[in-house]
Structures are given as C-alpha cells and as structure tokens.
$ cat data-v2.cif   # mmCIF, C-alpha atoms
data_start
loop_
_atom_site.label_atom_id
_atom_site.label_comp_id
_atom_site.auth_asym_id
_atom_site.auth_seq_id
_atom_site.Cartn_x
_atom_site.Cartn_y
_atom_site.Cartn_z
CA MET A 315 -148.87 -38.32 28.81
CA ASP A 316 -152.43 -38.66 27.54
CA MET A 317 -155.25 -36.31 28.51
CA PRO A 318 -156.89 -38.48 31.22
CA THR A 319 -153.50 -38.94 32.95
CA LEU A 320 -152.82 -35.20 32.83
CA TRP A 321 -156.20 -34.41 34.33
CA ILE A 322 -155.75 -37.00 37.09
CA ILE A 323 -152.44 -35.31 38.01
CA ILE A 324 -154.12 -31.88 37.99
CA ALA A 325 -156.91 -33.24 40.20
CA GLY A 326 -154.31 -34.65 42.60
CA MET A 327 -152.47 -31.30 42.68
CA THR A 328 -155.77 -29.56 43.42
CA LEU A 329 -156.50 -31.91 46.31
CA VAL A 330 -153.06 -31.62 47.95
CA THR A 331 -153.21 -27.82 47.58
CA PHE A 332 -156.72 -27.49 48.95
CA ILE A 333 -156.26 -29.76 52.00
CA PRO A 334 -153.60 -27.56 53.71
CA ARG A 335 -155.61 -24.45 52.86
CA LEU A 336 -158.79 -25.84 54.40
CA SER A 337 -157.09 -27.67 57.29
CA VAL A 338 -157.35 -25.42 60.31
CA ILE A 339 -160.10 -23.21 58.87
CA GLY A 340 -162.26 -26.29 58.33
CA LEU A 341 -161.48 -28.10 61.56
CA MET A 342 -161.28 -25.47 64.24
CA ASN A 343 -164.38 -25.16 66.38
CA ARG A 344 -162.88 -24.05 69.66
CA GLU A 345 -160.84 -21.08 70.85
CA MET A 346 -157.22 -21.23 69.86
CA PRO A 347 -154.78 -21.86 72.74
CA PRO A 348 -153.10 -18.53 73.61
CA THR A 349 -149.58 -19.75 72.81
CA VAL A 350 -150.68 -20.93 69.37
CA ALA A 351 -152.42 -17.60 68.78
CA ARG A 352 -149.22 -15.76 69.74
CA ALA A 353 -147.13 -17.96 67.47
CA LEU A 354 -149.45 -17.33 64.54
CA ARG A 355 -148.72 -13.60 64.70
CA TYR A 356 -145.31 -14.44 63.25
CA VAL A 357 -146.57 -16.49 60.32
CA PRO A 358 -146.60 -13.56 57.84
CA PRO A 359 -143.02 -12.36 58.36
CA ALA A 360 -141.63 -15.90 58.61
CA ALA A 361 -143.49 -17.49 55.69
CA LEU A 362 -143.08 -14.56 53.29
CA SER A 363 -139.36 -14.28 54.12
CA ALA A 364 -138.95 -17.97 53.35
CA ILE A 365 -139.97 -17.20 49.78
CA ILE A 366 -138.05 -13.91 49.47
CA PHE A 367 -134.62 -14.97 50.72
CA PRO A 368 -133.94 -17.72 48.15
CA ALA A 369 -135.20 -15.43 45.37
CA LEU A 370 -132.63 -12.77 46.34
CA PHE A 371 -129.65 -14.76 47.59
CA MET A 372 -129.63 -17.78 45.29
CA GLN A 373 -128.37 -17.82 41.71
CA ASP A 374 -128.36 -21.11 39.81
CA ASP A 375 -128.85 -23.10 43.04
CA ALA A 376 -125.82 -21.48 44.71
CA LEU A 377 -125.47 -18.76 47.33
CA ALA A 378 -124.59 -15.49 45.56
CA LEU A 379 -123.41 -12.68 47.82
CA SER A 380 -121.33 -10.76 45.28
CA PRO A 381 -122.22 -7.29 43.98
CA GLY A 382 -122.79 -9.08 40.66
CA ASN A 383 -126.03 -10.43 42.09
CA GLU A 384 -128.34 -7.79 40.62
CA ARG A 385 -131.46 -9.29 42.19
CA LEU A 386 -130.02 -8.95 45.69
CA LEU A 387 -129.16 -5.28 45.15
CA ALA A 388 -132.52 -4.49 43.55
CA GLY A 389 -134.29 -6.42 46.31
CA ILE A 390 -132.53 -4.52 49.11
CA VAL A 391 -133.45 -1.17 47.58
CA ALA A 392 -137.03 -2.38 47.03
CA ALA A 393 -137.20 -3.42 50.70
CA LEU A 394 -136.14 0.09 51.74
CA VAL A 395 -138.78 1.58 49.45
CA ALA A 396 -141.43 -0.78 50.88
CA TRP A 397 -140.39 0.06 54.42
CA ARG A 398 -140.51 3.84 53.92
CA SER A 399 -143.49 4.06 51.57
CA LYS A 400 -145.63 0.99 52.39
CA ASN A 401 -146.55 1.23 48.71
CA THR A 402 -146.71 -2.05 46.78
CA LEU A 403 -146.82 -0.52 43.30
CA LEU A 404 -143.87 1.75 43.99
CA THR A 405 -141.89 -1.16 45.47
CA ILE A 406 -142.41 -3.37 42.41
CA ALA A 407 -141.74 -0.50 39.99
CA VAL A 408 -138.50 0.63 41.67
CA GLY A 409 -137.29 -2.97 42.03
CA MET A 410 -137.89 -3.85 38.39
CA VAL A 411 -136.46 -0.65 36.94
CA LEU A 412 -133.36 -0.98 39.11
CA LEU A 413 -132.92 -4.63 38.09
CA TRP A 414 -133.14 -3.66 34.40
CA ILE A 415 -130.59 -0.87 34.90
CA LEU A 416 -128.19 -3.16 36.78
CA GLN A 417 -128.53 -5.86 34.12
CA ALA A 418 -127.89 -3.31 31.38
CA VAL A 419 -124.63 -1.88 32.81
CA MET B 595 -171.07 -1.40 59.55
CA LEU B 596 -170.20 -1.39 55.85
CA SER B 597 -172.52 -3.23 53.47
CA ASN B 598 -171.41 -6.60 52.11
CA GLN B 599 -170.83 -4.94 48.77
CA ALA B 600 -168.70 -2.18 50.28
CA GLN B 601 -166.59 -4.76 52.15
CA PHE B 602 -166.17 -6.78 48.95
CA PHE B 603 -164.91 -3.79 46.98
CA ALA B 604 -162.65 -2.68 49.80
CA GLY B 605 -161.04 -6.12 49.48
CA VAL B 606 -160.78 -5.72 45.71
CA ARG B 607 -159.09 -2.32 46.12
CA ALA B 608 -156.63 -3.66 48.70
CA GLN B 609 -155.60 -6.39 46.26
CA LEU B 610 -155.14 -4.12 43.23
CA PRO B 611 -151.54 -2.97 43.80
CA ILE B 612 -150.43 -6.57 44.27
CA LEU B 613 -151.76 -7.49 40.84
CA LEU B 614 -148.81 -5.70 39.24
CA GLY B 615 -146.65 -8.46 40.67
CA THR B 616 -149.11 -11.28 39.99
CA MET B 617 -149.76 -10.56 36.33
CA PRO B 618 -146.20 -11.05 35.02
CA PHE B 619 -145.94 -14.18 37.16
CA GLY B 620 -149.10 -15.67 35.64
CA LEU B 621 -147.86 -14.76 32.19
CA ILE B 622 -144.58 -16.57 32.76
CA TYR B 623 -146.42 -19.63 34.07
CA GLY B 624 -148.46 -19.67 30.85
CA VAL B 625 -145.27 -19.55 28.78
CA LEU B 626 -143.62 -22.31 30.85
CA ALA B 627 -146.68 -24.54 30.58
CA MET B 628 -146.65 -24.20 26.78
CA GLU B 629 -142.90 -24.84 26.62
CA ALA B 630 -143.49 -27.96 28.75
CA GLY B 631 -145.82 -29.22 26.03
CA LEU B 632 -148.99 -29.12 28.12
CA PRO B 633 -152.25 -28.87 26.18
CA VAL B 634 -153.90 -25.44 26.42
CA SER B 635 -156.87 -26.84 28.36
CA VAL B 636 -154.59 -28.44 30.98
CA ALA B 637 -152.42 -25.31 31.30
CA LEU B 638 -155.48 -23.12 31.88
CA GLY B 639 -157.22 -25.77 33.99
CA MET B 640 -154.29 -25.92 36.39
CA SER B 641 -154.63 -22.18 37.04
CA ILE B 642 -158.39 -22.47 37.48
CA ILE B 643 -158.54 -25.33 39.99
CA VAL B 644 -155.05 -25.68 41.54
CA PHE B 645 -154.57 -21.90 41.75
CA ALA B 646 -151.14 -21.86 43.42
CA GLY B 647 -148.47 -19.92 41.53
CA SER B 648 -145.18 -21.28 42.85
CA SER B 649 -146.27 -24.91 42.66
CA GLN B 650 -147.67 -24.42 39.14
CA PHE B 651 -144.26 -23.08 38.11
CA ILE B 652 -142.49 -26.09 39.52
CA ALA B 653 -145.09 -28.49 38.12
CA ALA B 654 -144.64 -27.04 34.62
CA GLN B 655 -140.88 -27.63 34.91
CA LEU B 656 -141.45 -31.18 36.17
CA PHE B 657 -143.84 -31.90 33.30
CA ALA B 658 -141.15 -30.61 30.90
CA GLU B 659 -138.61 -32.99 32.45
CA GLY B 660 -141.06 -35.87 32.08
CA ALA B 661 -141.36 -36.48 35.82
CA ALA B 662 -143.82 -39.07 37.12
CA GLY B 663 -147.30 -37.88 38.08
CA LEU B 664 -146.90 -38.94 41.69
CA ILE B 665 -143.69 -36.88 42.01
CA ILE B 666 -145.49 -33.83 40.61
CA ILE B 667 -148.35 -34.24 43.11
CA LEU B 668 -145.99 -34.82 46.06
CA THR B 669 -143.89 -31.78 45.14
CA THR B 670 -147.03 -29.68 44.90
CA PHE B 671 -148.06 -30.86 48.35
CA VAL B 672 -144.71 -29.94 49.90
CA VAL B 673 -144.56 -26.54 48.20
CA ASN B 674 -148.10 -25.68 49.29
CA LEU B 675 -147.87 -26.97 52.84
CA ARG B 676 -147.18 -23.43 54.05
CA HIS B 677 -150.84 -22.66 53.34
CA ALA B 678 -151.73 -24.73 56.42
CA LEU B 679 -150.02 -22.01 58.48
CA TYR B 680 -152.09 -19.35 56.73
CA SER B 681 -155.16 -21.46 57.39
CA ALA B 682 -154.31 -21.58 61.10
CA SER B 683 -153.60 -17.86 61.13
CA LEU B 684 -156.96 -16.94 59.56
CA ALA B 685 -159.04 -19.62 61.29
CA PRO B 686 -159.97 -17.55 64.38
CA TYR B 687 -161.42 -14.85 62.13
CA VAL B 688 -163.61 -17.15 60.01
CA ARG B 689 -164.62 -19.58 62.74
CA HIS B 690 -168.20 -18.29 62.88
CA LEU B 691 -168.85 -18.80 59.14
CA LYS B 692 -170.89 -21.58 57.51
CA PRO B 693 -168.90 -24.50 56.01
CA ALA B 694 -169.64 -23.38 52.43
CA TRP B 695 -168.00 -19.99 53.13
CA LYS B 696 -165.01 -21.69 54.76
CA TRP B 697 -164.51 -23.91 51.73
CA VAL B 698 -164.67 -21.01 49.29
CA LEU B 699 -162.32 -18.86 51.35
CA ALA B 700 -159.93 -21.80 51.82
CA PHE B 701 -159.87 -22.35 48.06
CA LEU B 702 -158.91 -18.68 47.57
CA LEU B 703 -156.16 -18.81 50.23
CA THR B 704 -152.99 -17.77 48.40
CA ASP B 705 -149.94 -15.89 49.71
CA GLU B 706 -151.28 -12.63 48.32
CA ALA B 707 -154.89 -13.00 49.46
CA TYR B 708 -153.63 -14.10 52.86
CA ALA B 709 -151.36 -11.08 53.26
CA VAL B 710 -154.12 -8.64 52.37
CA SER B 711 -156.79 -10.34 54.50
CA ILE B 712 -154.69 -10.85 57.62
CA THR B 713 -153.64 -7.20 57.47
CA HIS B 714 -157.32 -6.27 57.39
CA TYR B 715 -158.33 -8.71 60.14
CA ARG B 716 -155.57 -7.47 62.45
CA THR B 717 -157.19 -4.06 62.60
CA THR B 718 -159.87 -5.86 64.63
CA THR B 719 -160.13 -8.92 66.94
CA PRO B 720 -161.55 -12.44 66.43
CA GLU B 721 -164.29 -11.54 68.93
CA ALA B 722 -165.32 -8.39 67.05
CA VAL B 723 -165.30 -10.22 63.71
CA ARG B 724 -168.04 -12.58 64.89
CA GLY B 725 -171.30 -11.44 63.34
CA SER B 726 -169.51 -8.95 61.09
CA ASN B 727 -169.17 -9.20 57.32
CA ASP B 728 -165.38 -8.95 57.03
CA HIS B 729 -165.36 -12.24 55.11
CA TRP B 730 -166.71 -10.27 52.14
CA TYR B 731 -163.46 -8.29 52.19
CA TYR B 732 -161.49 -11.55 52.02
CA LEU B 733 -163.77 -12.80 49.21
CA GLY B 734 -163.20 -9.58 47.25
CA ALA B 735 -159.43 -9.84 47.64
CA GLY B 736 -159.37 -13.56 46.82
CA LEU B 737 -161.62 -13.39 43.76
CA THR B 738 -159.69 -10.42 42.38
CA LEU B 739 -156.50 -12.42 42.55
CA TRP B 740 -158.12 -15.55 41.11
CA SER B 741 -159.56 -13.64 38.12
CA THR B 742 -156.27 -11.89 37.45
CA TRP B 743 -154.43 -15.20 37.62
CA GLN B 744 -156.73 -16.67 34.95
CA LEU B 745 -156.36 -13.64 32.68
CA SER B 746 -152.59 -13.44 32.96
CA THR B 747 -152.21 -17.20 32.49
CA ALA B 748 -154.29 -16.98 29.32
CA VAL B 749 -152.12 -14.12 28.02
CA GLY B 750 -149.03 -16.23 28.70
CA VAL B 751 -150.53 -19.28 27.01
CA PHE B 752 -151.69 -17.48 23.88
CA VAL B 753 -149.20 -14.64 23.29
CA GLY B 754 -146.52 -14.96 25.98
CA ALA B 755 -143.87 -16.78 23.99
CA GLN B 756 -142.75 -13.42 22.60
CA VAL B 757 -141.69 -12.15 26.02
CA PRO B 758 -137.90 -12.44 26.27
CA ASP B 759 -136.26 -13.94 29.39
CA SER B 760 -134.05 -10.86 29.69
CA TRP B 761 -137.04 -8.88 30.97
CA SER B 762 -136.71 -10.90 34.21
CA LEU B 763 -140.46 -10.65 34.80
CA ASP B 764 -140.31 -13.51 37.33
CA PHE B 765 -138.62 -11.07 39.73
CA THR B 766 -141.95 -9.29 40.23
CA LEU B 767 -143.00 -12.14 42.53
CA ALA B 768 -140.12 -11.60 44.95
CA LEU B 769 -140.77 -7.85 44.84
CA THR B 770 -144.44 -8.39 45.65
CA PHE B 771 -143.54 -10.47 48.67
CA ILE B 772 -141.01 -7.83 49.77
CA ALA B 773 -143.78 -5.21 49.63
CA LEU B 774 -146.04 -7.53 51.64
CA VAL B 775 -143.50 -8.51 54.28
CA MET B 776 -142.05 -5.10 55.22
CA PRO B 777 -145.26 -3.79 56.88
CA THR B 778 -145.46 -6.99 58.99
CA LEU B 779 -142.08 -6.26 60.58
CA THR B 780 -143.71 -4.14 63.26
CA ASP B 781 -141.66 -5.26 66.23
CA ARG B 782 -138.37 -6.91 67.13
CA PRO B 783 -139.67 -10.50 67.40
CA ALA B 784 -141.21 -10.21 63.93
CA VAL B 785 -137.91 -8.96 62.49
CA LEU B 786 -136.16 -11.82 64.24
CA ALA B 787 -138.63 -14.32 62.77
CA ALA B 788 -137.83 -13.05 59.27
CA LEU B 789 -134.05 -13.07 59.84
CA VAL B 790 -133.97 -16.55 61.37
CA VAL B 791 -135.85 -17.89 58.37
CA GLY B 792 -133.31 -16.22 56.09
CA ALA B 793 -130.33 -17.50 58.07
CA ASP B 794 -131.72 -21.00 58.04
CA GLY B 795 -129.88 -22.00 54.93
CA LEU B 796 -132.13 -20.37 52.32
CA PRO B 797 -134.90 -22.88 52.56
CA TYR B 798 -136.70 -24.69 49.82
CA ASN B 799 -139.62 -27.13 49.88
CA LEU B 800 -139.66 -29.13 53.14
CA GLY B 801 -136.78 -27.02 54.46
CA LEU B 802 -139.04 -24.02 53.97
CA ILE B 803 -141.56 -25.31 56.51
CA ALA B 804 -138.81 -26.15 59.00
CA ALA B 805 -137.28 -22.70 58.58
CA VAL B 806 -140.65 -21.01 59.11
CA PHE B 807 -141.14 -22.94 62.34
CA ALA B 808 -137.63 -21.98 63.49
CA GLY B 809 -138.41 -18.33 62.75
CA ILE B 810 -141.67 -18.43 64.69
CA ALA B 811 -140.01 -20.21 67.63
CA ALA B 812 -137.24 -17.59 67.76
CA ALA B 813 -139.81 -14.78 67.70
CA LEU B 814 -141.80 -16.38 70.53
CA ALA B 815 -138.66 -16.82 72.60
CA ALA B 816 -137.69 -13.20 72.01
CA GLU B 817 -141.20 -12.07 72.87
CA THR B 818 -141.22 -14.03 76.14
CA LEU B 819 -137.81 -12.66 77.03
CA GLY B 820 -138.99 -9.18 76.10
CA HIS B 821 -141.98 -9.46 78.43
CA ALA B 822 -139.75 -10.55 81.27
CA GLN B 823 -137.66 -7.44 80.82
CA GLN B 824 -140.73 -5.24 80.42
CA ALA B 825 -139.19 -4.14 77.17
CA VAL B 826 -142.40 -4.59 75.28
CA THR B 827 -142.39 -4.06 71.56
CA VAL B 828 -143.46 -0.93 69.78
CA GLY B 829 -146.47 -0.82 67.53
CA ALA B 830 -147.53 -4.28 68.65
CA ILE B 831 -150.77 -5.96 67.63
CA HIS B 832 -153.76 -5.79 69.95
CA ASP B 833 -152.84 -8.59 72.35
CA LEU B 834 -149.62 -6.94 73.45
CA PRO B 835 -149.74 -3.91 75.72
CA LEU B 836 -147.75 -0.95 74.54
CA GLN B 837 -144.96 0.06 76.82
CA ASP B 838 -146.02 2.61 79.36
CA PRO B 839 -143.75 5.60 78.79
CA ARG B 840 -143.78 6.41 82.52
CA LEU B 841 -142.10 3.14 83.40
CA PRO B 842 -138.31 3.23 83.54
CA ASP B 843 -136.71 1.41 80.63
CA LEU B 844 -134.96 -1.51 82.26
CA ASN B 845 -132.94 -2.07 79.13
CA GLU B 846 -131.33 1.34 79.31
CA GLY B 847 -127.57 1.25 79.05
CA GLU B 848 -127.53 -2.49 78.56
CA ASP B 849 -127.56 -2.77 74.80
#

$ encode --input "data-v2.cif" --output "structure tokens"
Amino acid sequence: MDMPTLWIIIAGMTLVTFIPRLSVIGLMNREMPPTVARALRYVPPAALSAIIFPALFMQDDALALSPGNERLLAGIVAALVAWRSKNTLLTIAVGMVLLWILQAV
Amino acid sequence: MLSNQAQFFAGVRAQLPILLGTMPFGLIYGVLAMEAGLPVSVALGMSIIVFAGSSQFIAAQLFAEGAAGLIIILTTFVVNLRHALYSASLAPYVRHLKPAWKWVLAFLLTDEAYAVSITHYRTTTPEAVRGSNDHWYYLGAGLTLWSTWQLSTAVGVFVGAQVPDSWSLDFTLALTFIALVMPTLTDRPAVLAALVVGADGLPYNLGLIAAVFAGIAAALAAETLGHAQQAVTVGAIHDLPLQDPRLPDLNEGED
C-alpha cells in the first residue's frame, strides 16, 4: 500500500473510533430515562468482563479449561489480589510474576 | 472545591497505576506495526489519532495479512463500538459542558480512562457535577493515558523488536482490566452482569456487544427481582437505598 492509501485507512479508523466515543456524549441534551440510567450502571462490569474472559479462557482460538492454561490460573489469582487489595499495580505485578513462574515450570 | 489544576492532577494520579499495564501493551503494538511493514510515521500516527489499543493491535495484524482497507476500517468500528456504551455511561456527567470539551473528552475515551473517570464520577451525582470542575479530573486521566500510549508505542517502534514473545507482555492488558473490573463488582447484579458476559460464549467483535447487552439485561432483571424481595444489594451506588437492617430479611432460609 502506498502512503496516501495508508493515511486514508488511518483517517477512516479514526472516524469510526471517534463516532461511538462521541455518540451519546455529543447528542444527549435531556435527562436520561431512569431505566437507561440504571442499565448504564452495569456497563463497567459487563464491558470489561467481555475483554477479560476471552483473554483468560481462550488459547489459539479454542476454549482452554485445563490446568495447562497458565493465563487462566494467573488471572484467577490476580482477580483475588485485585478483590482483596483494590491495588492495580499489585494485581499486574502478581499476575505477571505468576505467569512467568507457571510458564517456566 | 478543588482548583482545576488540583482536579487535573488527581486524575493523573488515579491513572498512574494503570500505566504499568498500558506501557507493555503500547510497546507490543509498536513491534507488531513494524513487523506488519507499516512505515514509522503511520505506526506512530495511528496511536496519535486513532488511540484505541485493541483495534490498533488487530489492525496491525490485518495490515500484515494484506487485508483490504475497508475491512480494516470495518473491523476497527466493530471492535470500538463498545465505546458508545462508555459514552452513554459518562454522558450524564458531562452534559453541562461546552461542545469543545465534549469532543476532547470523547476523543480521550478509552477503556482505562473510562474506568478511572466513572469511578470518580460515581462518588457524586450528575446533579452535583453540574457547575463543578470534575471534567478536569477526566482530562488529567485521559491525557496521561494518551501521552503514555505515544511514548510506549515509540519505544516499541524503535527498540521493541528485541523483546522476546516469551515475556508474554500482552498479558498485562488482561491484568489491567481485571484490576479495573473487580472494584465494580459491588453487588449481586453487577457480578451477574460479569458472569453472563463470560458465559455468553467468550465473545469477540460483534458478539462482544451482544454479550455486554445480555449481561446488562440479566443484571437489570436481577435488580428488579431483588427490589421486589426487598433484598436490596449491599454497597450499592447512590440511586439504590441500602437495606434497612431493622427490616426482616425476607430471603432468610430461602437460599
């Protein structure tokens, strides 16, 4: 691909990324209906989980529930650490170190 | 009320721990973009103006496979559609701002900036936010992430090729999201929302949006049911009354 084509694709990616981000923020001028407001409370747990679950449970596009799935084990321990400590740095550190240990043994 | 500057730096501080997960991710994107044969300017430019980690990852892979431009743009759209939910979630808190502010904040709306900002906003109410300067907090968090993303991308582009795959640095992203999601599981409907999403066939792309909606619907149903039984959640956010300890627990002995 030549440079102009690449930049047109990047511009297109920027547009289709920005439109969802701006959507409701840019359009909303009235109060939110109460049911919608209630539903939005569950956006963080639902949306973040949708990214986490495939990262832990999938290996090479297949479901991996065996103890050989090091990422699942490290992720579960990291979740416990996050739950007890509410500490992001500690969660990432424990998760990574555990993953390295599991991959080494 | 805190000064604008104080709010800004409070947002910066709240974002700092998350950077540990963002930096390796940006580095890996830089490496992938180089391996895909993208020119340096395009690889860095994508981080600067698209600014969406997961979709940049996928785009780099698609470029490497020689996919058509339209496919790359469509895939980006699908992967980033979840940001519309974040936009809806934050909208009540930024409704009073001028359009220029809304555009800047919308541009900075990533998973990480969203998680930090919504956590901050939920300590207050949309009504109380009006006339306040909490948007400076969001700006601080968002700009911190944006700057870090540029730096780590550049490191990946210029020196990253020496980082071996066996370090599994991409796992830091999942760990970051785990750290962000656990504090949001404050009540049973929220836990249910997370579990339903997980049980929904490990979603990807369009399936991701469908799974998120299923999770939210399940949580709402559980919440409605919970209200009917007066078994109101613990530690709920401001619009839910905490259970009065003097009331008899109607659930007792039923579970």

$ residues_around --input "data-v2.cif" --residues "Met315 of chain A" --least-positions-apart "5" --cutoff "12 Å" --atoms "only C-alpha atoms" --output "list in words"
Leu320, Trp321, Ile322 and Ile323 of chain A; Ala630, Gly631, Leu632, Pro633, Val636, Phe657, Ala658, Gly660, Ala661, Ala662 and Gly663 of chain B

$ write_last_selection --input "data-v2.cif" --atoms "C-alpha atoms" --output "PDB file, in the coordinates of the input"
ATOM      1  CA  LEU A 320    -152.820 -35.200  32.830  1.00  0.00           C
ATOM      2  CA  TRP A 321    -156.200 -34.410  34.330  1.00  0.00           C
ATOM      3  CA  ILE A 322    -155.750 -37.000  37.090  1.00  0.00           C
ATOM      4  CA  ILE A 323    -152.440 -35.310  38.010  1.00  0.00           C
TER       5      ILE A 323
ATOM      6  CA  ALA B 630    -143.490 -27.960  28.750  1.00  0.00           C
ATOM      7  CA  GLY B 631    -145.820 -29.220  26.030  1.00  0.00           C
ATOM      8  CA  LEU B 632    -148.990 -29.120  28.120  1.00  0.00           C
ATOM      9  CA  PRO B 633    -152.250 -28.870  26.180  1.00  0.00           C
ATOM     10  CA  VAL B 636    -154.590 -28.440  30.980  1.00  0.00           C
ATOM     11  CA  PHE B 657    -143.840 -31.900  33.300  1.00  0.00           C
ATOM     12  CA  ALA B 658    -141.150 -30.610  30.900  1.00  0.00           C
ATOM     13  CA  GLY B 660    -141.060 -35.870  32.080  1.00  0.00           C
ATOM     14  CA  ALA B 661    -141.360 -36.480  35.820  1.00  0.00           C
ATOM     15  CA  ALA B 662    -143.820 -39.070  37.120  1.00  0.00           C
ATOM     16  CA  GLY B 663    -147.300 -37.880  38.080  1.00  0.00           C
TER      17      GLY B 663
END

$ interface_residues --input "data-v2.cif" --of "chain A" --to "chain B" --cutoff "7 Å" --atoms "only C-alpha atoms" --output "CSV table (one decimal) with C-alpha atoms, keeping the file's coordinate frame"
chain,number,residue,atom,x,y,z
A,323,ILE,CA,-152.4,-35.3,38.0
A,324,ILE,CA,-154.1,-31.9,38.0
A,326,GLY,CA,-154.3,-34.6,42.6
A,327,MET,CA,-152.5,-31.3,42.7
A,328,THR,CA,-155.8,-29.6,43.4
A,330,VAL,CA,-153.1,-31.6,48.0
A,331,THR,CA,-153.2,-27.8,47.6
A,332,PHE,CA,-156.7,-27.5,49.0
A,334,PRO,CA,-153.6,-27.6,53.7
A,335,ARG,CA,-155.6,-24.4,52.9
A,336,LEU,CA,-158.8,-25.8,54.4
A,337,SER,CA,-157.1,-27.7,57.3
A,338,VAL,CA,-157.4,-25.4,60.3
A,339,ILE,CA,-160.1,-23.2,58.9
A,340,GLY,CA,-162.3,-26.3,58.3
A,342,MET,CA,-161.3,-25.5,64.2
A,343,ASN,CA,-164.4,-25.2,66.4
A,353,ALA,CA,-147.1,-18.0,67.5
A,354,LEU,CA,-149.4,-17.3,64.5
A,356,TYR,CA,-145.3,-14.4,63.2
A,357,VAL,CA,-146.6,-16.5,60.3
A,358,PRO,CA,-146.6,-13.6,57.8
A,359,PRO,CA,-143.0,-12.4,58.4
A,360,ALA,CA,-141.6,-15.9,58.6
A,361,ALA,CA,-143.5,-17.5,55.7
A,362,LEU,CA,-143.1,-14.6,53.3
A,363,SER,CA,-139.4,-14.3,54.1
A,364,ALA,CA,-139.0,-18.0,53.4
A,366,ILE,CA,-138.0,-13.9,49.5
A,367,PHE,CA,-134.6,-15.0,50.7
A,368,PRO,CA,-133.9,-17.7,48.2
A,369,ALA,CA,-135.2,-15.4,45.4
A,389,GLY,CA,-134.3,-6.4,46.3
A,392,ALA,CA,-137.0,-2.4,47.0
A,393,ALA,CA,-137.2,-3.4,50.7
A,396,ALA,CA,-141.4,-0.8,50.9
A,397,TRP,CA,-140.4,0.1,54.4
A,400,LYS,CA,-145.6,1.0,52.4
A,402,THR,CA,-146.7,-2.0,46.8
A,403,LEU,CA,-146.8,-0.5,43.3
A,405,THR,CA,-141.9,-1.2,45.5
A,406,ILE,CA,-142.4,-3.4,42.4
A,409,GLY,CA,-137.3,-3.0,42.0

$ residues_around --input "data-v2.cif" --residues "Leu412 of chain A" --least-positions-apart "3" --cutoff "9 Å" --atoms "all atoms listed in the file" --output "list in words"
Glu384, Leu387, Ala388, Val391, Ala392, Ala407, Val408, Gly409, Ile415, Leu416 and Gln417 of chain A

$ atom_distance --input "data-v2.cif" --atom1 "atom CA of Phe752 of chain B" --atom2 "atom CA of Ala735 of chain B"
26.1 Å

$ resolve_selection --input "data-v2.cif" --expression "the PyMOL selection byres ((chain A and resi 383) around 10)" --output "count of residues only"
18

$ atom_distance --input "data-v2.cif" --atom1 "atom CA of Tyr715 of chain B" --atom2 "atom CA of Asp728 of chain B"
7.7 Å

$ atom_distance --input "data-v2.cif" --atom1 "atom CA of Ser741 of chain B" --atom2 "atom CA of Thr719 of chain B"
29.2 Å
